[in-house]
Amino acid sequence: MPTLFNKYYPVRKILFFSGEGVLIFASVLGILVTFSGWNVFLTDPLEYVLQALSVTLIFQLSLYFYDLYDLRQPGTTTDTFIRMMQAFGVGCIILSFLYWLFPSIIISTRIFWGCYLIICASLLAWRSLYYLVLEKKWFAKDIILLGTGETAAKIVTEINHNPESGFAIRAVVGTTPAVFEHNGIPAVQRLTDLAGDPRLAQIERIVVALDNRRGTMPITDLLRFKVQGKIIEDGITFYEAITGKILAEKVNPAWLIFSEGFECSRMTFLIKRLLDLFLAVIGLAVSLPASLLTALLIKLESPGPVLYRQERVGERGEVFSIIKFRSMRQDAEKNGAVWASQNDSRVTRVGGFIRKVRIDEIPQMWNVIRGEMSFVGPRPERPIFVEQLVQKLPYYSLRHSVRPGITGWAQIYYPYGASEEDALRKLEYDLYYIKHQSIFIDLLVIFRTVKTVLFRKGSR
């Protein structure tokens, strides 16, 4: 989940990924040594290490591409086993090409299948244990939630539906009835009431999630707990940290002004621009055969131009023409601009396919080269929709403080958008990206976009 970039990222997530890598590596190396003997291993250990390392890297990469490291909703053991077999099947195909390129790291068939069985058994046991840890909330950090309104409800929902958040709510504090279910969680009216329960009194973290703080903030109690060593956290900041998005509906201008982030150094800007140019040139060259075939199919299926130009709002609110392969009928907007929708009747058969695999986005690399777009950033919207959204959605204009992108943080976590409500949800992710933008996040978005394209998820 997006929490990779903040201080709340649970150590157990790192341990889980690292532990799985160690298990795969140790399984392969152990079988190699068992079959070959210690004497042979000690004469040339580097060869065995490279063999084990190649299997580890390819198998973990395959597990990632099959979403087996996204444990927000852990599956059953059977489901995990099936998906793991699918991932390892792809991994074996990749390894066969790797062995063809580098024959020195080939593992004999008998030894490889021995490694395979051991890896499957050890990873199933490891994941079953981790699922149990998530279910029982072992090692989760206990928090006290101050607030019973909508902000608190969103935090409760996120923690309850995302076992990997690393937190467990142990008490809810508020003078009004909670708008959310808190079955099994004690509810008190004042922070001082927690002193009656020694277990609650020992909790070190209080999250302040009040919708309206004027006249309701227990400042005296919070100050007393603060000087006693408890951690007092703002609910908006806490929500941002565990979700990877900013709660645009509830955040106030002061929070945005005084919070850290929302800055991009000259060096970061320069590296980002060079990366954009490099990827755009390479991308256009590599995709040339697919582009030519797409252009031919579009021309054969329906009358009209192959390329489609449309006005979009870019950095600093400047309007530019985005370039895409035409995926709709030529008269798709004869009645005016409308939001795209799922199973849109205006989309042609070729258009439906190129949207799913995102081939229609390839010409936008020219926009990147021209400096109108970046590879990673908020998706540019049409001027007519921007005018509406700026009036209705708080802070929507902040999206135009950076260059729009072919892909973005919002696209990989909220890929579907066909209404003002969807625009608000995507704005939450866009604001998070603008606040935390870095080359590392850009590379992660690009990597995840490649996975999305390969598995045809989240496109329209």
# chains A, B, ... in the order shown; residues from 1 in each chain; ligands from 1
>>> residues_around(residues="segment 196-199 of chain A", least_positions_apart="4", cutoff="12 Å", atoms="only C-alpha atoms", output="NGL selection string")
:A and (142-144 or 170-171 or 186-188 or 190-192 or 203-204)
>>> write_last_selection(atoms="N, CA and C atoms", output="PDB file, in the first residue's frame")
ATOM      1  N   ASP A 142      -1.712   0.028  19.129  1.00  0.00           N
ATOM      2  CA  ASP A 142      -3.010   0.431  19.676  1.00  0.00           C
ATOM      3  C   ASP A 142      -3.157   1.945  19.633  1.00  0.00           C
ATOM      4  N   ILE A 143      -4.367   2.409  19.270  1.00  0.00           N
ATOM      5  CA  ILE A 143      -4.633   3.848  19.259  1.00  0.00           C
ATOM      6  C   ILE A 143      -5.962   4.138  19.944  1.00  0.00           C
ATOM      7  N   ILE A 144      -6.087   5.371  20.430  1.00  0.00           N
ATOM      8  CA  ILE A 144      -7.349   5.896  20.942  1.00  0.00           C
ATOM      9  C   ILE A 144      -7.839   6.908  19.914  1.00  0.00           C
ATOM     10  N   ARG A 170      -8.582   0.839  20.042  1.00  0.00           N
ATOM     11  CA  ARG A 170      -8.927   0.221  21.329  1.00  0.00           C
ATOM     12  C   ARG A 170      -9.967   1.020  22.098  1.00  0.00           C
ATOM     13  N   ALA A 171     -10.200   2.278  21.694  1.00  0.00           N
ATOM     14  CA  ALA A 171     -11.219   3.087  22.378  1.00  0.00           C
ATOM     15  C   ALA A 171     -11.616   4.255  21.485  1.00  0.00           C
ATOM     16  N   PRO A 186     -14.581  -0.054  23.261  1.00  0.00           N
ATOM     17  CA  PRO A 186     -15.159   0.803  24.309  1.00  0.00           C
ATOM     18  C   PRO A 186     -15.338   2.234  23.829  1.00  0.00           C
ATOM     19  N   ALA A 187     -16.443   2.868  24.213  1.00  0.00           N
ATOM     20  CA  ALA A 187     -16.710   4.264  23.855  1.00  0.00           C
ATOM     21  C   ALA A 187     -16.895   5.066  25.131  1.00  0.00           C
ATOM     22  N   VAL A 188     -16.151   6.154  25.270  1.00  0.00           N
ATOM     23  CA  VAL A 188     -16.252   7.022  26.443  1.00  0.00           C
ATOM     24  C   VAL A 188     -16.467   8.459  25.963  1.00  0.00           C
ATOM     25  N   ARG A 190     -15.112  11.330  27.580  1.00  0.00           N
ATOM     26  CA  ARG A 190     -13.962  12.203  27.813  1.00  0.00           C
ATOM     27  C   ARG A 190     -12.683  11.384  27.898  1.00  0.00           C
ATOM     28  N   LEU A 191     -11.576  12.022  27.541  1.00  0.00           N
ATOM     29  CA  LEU A 191     -10.280  11.341  27.621  1.00  0.00           C
ATOM     30  C   LEU A 191      -9.953  10.937  29.051  1.00  0.00           C
ATOM     31  N   THR A 192     -10.398  11.735  30.000  1.00  0.00           N
ATOM     32  CA  THR A 192     -10.109  11.420  31.405  1.00  0.00           C
ATOM     33  C   THR A 192     -10.787  10.137  31.853  1.00  0.00           C
ATOM     34  N   ILE A 203      -2.195   3.052  26.546  1.00  0.00           N
ATOM     35  CA  ILE A 203      -2.056   3.270  25.104  1.00  0.00           C
ATOM     36  C   ILE A 203      -1.340   4.597  24.864  1.00  0.00           C
ATOM     37  N   GLU A 204      -0.346   4.582  23.993  1.00  0.00           N
ATOM     38  CA  GLU A 204       0.539   5.732  23.831  1.00  0.00           C
ATOM     39  C   GLU A 204       0.136   6.689  22.713  1.00  0.00           C
TER      40      GLU A 204
END
>>> residues_around(residues="Ser259 of chain A", least_positions_apart="2", cutoff="12 Å", atoms="only C-alpha atoms", output="PyMOL selection string")
chain A and resi 234+236-237+240+246+251-257+261-263+432+435-436
>>> select_by_dssp(residues="segment 260-423 of chain A", states="alpha helix (DSSP H)", output="JSON, numbers by chain")
{"A": [266, 267, 268, 269, 270, 271, 272, 273, 274, 275, 276, 277, 278, 279, 280, 281, 282, 283, 284, 285, 286, 288, 289, 290, 291, 292, 293, 294, 295, 296, 297, 298, 299, 300, 301, 349, 350, 351, 352, 353, 354, 355, 356, 364, 365, 366, 367, 368, 369, 383, 384, 385, 386, 387, 388, 389, 390, 391, 392, 409, 410, 411, 412, 413, 420, 421, 422, 423]}
>>> select_by_dssp(residues="segment 135-299 of chain A", states="strand (DSSP E or B)", output="ChimeraX atom specification")
/A:141-146,167-173,187-188,205-208,231-234
>>> atom_distance(atom1="atom CA of Phe35 of chain A", atom2="atom CA of Gly91 of chain A")
22.9 Å
>>> atom_distance(atom1="atom CA of Lys324 of chain A", atom2="atom CA of Gln364 of chain A")
6.1 Å
>>> closest_residue(among="A:Thr348, A:Lys137, A:Thr34, A:Leu210", to="Cys115 of chain A", atoms="only C-alpha atoms")
A:Thr34
>>> residues_around(residues="Leu50 of chain A", least_positions_apart="5", cutoff="9 Å", atoms="only C-alpha atoms", output="PyMOL selection string")
chain A and resi 45+55+105
